[in-house]
Amino acid sequence: MSVTNMGKNENIKVKKDNTYTWLAFICLLFFWAPFVNIVLFMFSIYFSLKQLRLVKFDSSKYGSYWFSIILFIISILCLIITVLIFYLIFYYDIKLY
């Protein structure tokens, strides 16, 4: 009897915690909001790095390693582009319209 119970327990999938990855993704959705998006991009970078650290610490409990890496790269690129646009607009007084 114990052998059949052991086989049933192996088929149970453990749901991995992806909370910080989804928080990073939600922060990235506000890329269109001027001035607020810089802060949200920084939060997105923080949350994706936190998820990567948690995955490195305990990969059986935390998941979405590649999604966190992709969000981190996108957050860095969006932050750089946003800062560059604000620099061009306010320092050189370039009109974008």
# chains A, B, ... in the order shown; residues from 1 in each chain; ligands from 1
>>> residues_around(residues="Lys95 of chain A", least_positions_apart="5", cutoff="12 Å", atoms="only C-alpha atoms", output="ChimeraX atom specification")
/A:85-90
>>> select_by_dssp(residues="chain A", states="alpha helix (DSSP H)", output="number ranges by chain")
A: 2-10, 19-28, 36-57, 65-91
>>> residues_around(residues="segment 58-61 of chain A", least_positions_apart="3", cutoff="10 Å", atoms="only C-alpha atoms", output="list of chain:residue names")
A:Val14, A:Lys15, A:Lys16, A:Asp17, A:Asn18, A:Leu52, A:Arg53, A:Leu54, A:Val55, A:Ser64, A:Tyr65
>>> closest_residue(among="A:Ile73, A:Ile94, A:Ile12, A:Leu79", to="Phe30 of chain A", atoms="only C-alpha atoms")
A:Leu79
>>> closest_residue(among="A:Leu49, A:Cys78, A:Met42, A:Leu84", to="Thr21 of chain A", atoms="only C-alpha atoms")
A:Leu49
>>> closest_residue(among="A:Val36, A:Ala24, A:Leu71, A:Ile45", to="Val83 of chain A", atoms="only C-alpha atoms")
A:Val36
>>> atom_distance(atom1="atom CA of Tyr91 of chain A", atom2="atom CA of Cys27 of chain A")
26.9 Å
>>> atom_distance(atom1="atom CA of Leu29 of chain A", atom2="atom CA of Asp93 of chain A")
27.4 Å
>>> closest_residue(among="A:Trp66, A:Phe72, A:Tyr92, A:Phe57", to="Leu28 of chain A", atoms="only C-alpha atoms")
A:Phe72
>>> atom_distance(atom1="atom CA of Ile38 of chain A", atom2="atom CA of Ile76 of chain A")
10.4 Å
>>> closest_residue(among="A:Phe41, A:Ser48, A:Ile81, A:Thr19", to="Phe67 of chain A", atoms="only C-alpha atoms")
A:Ser48
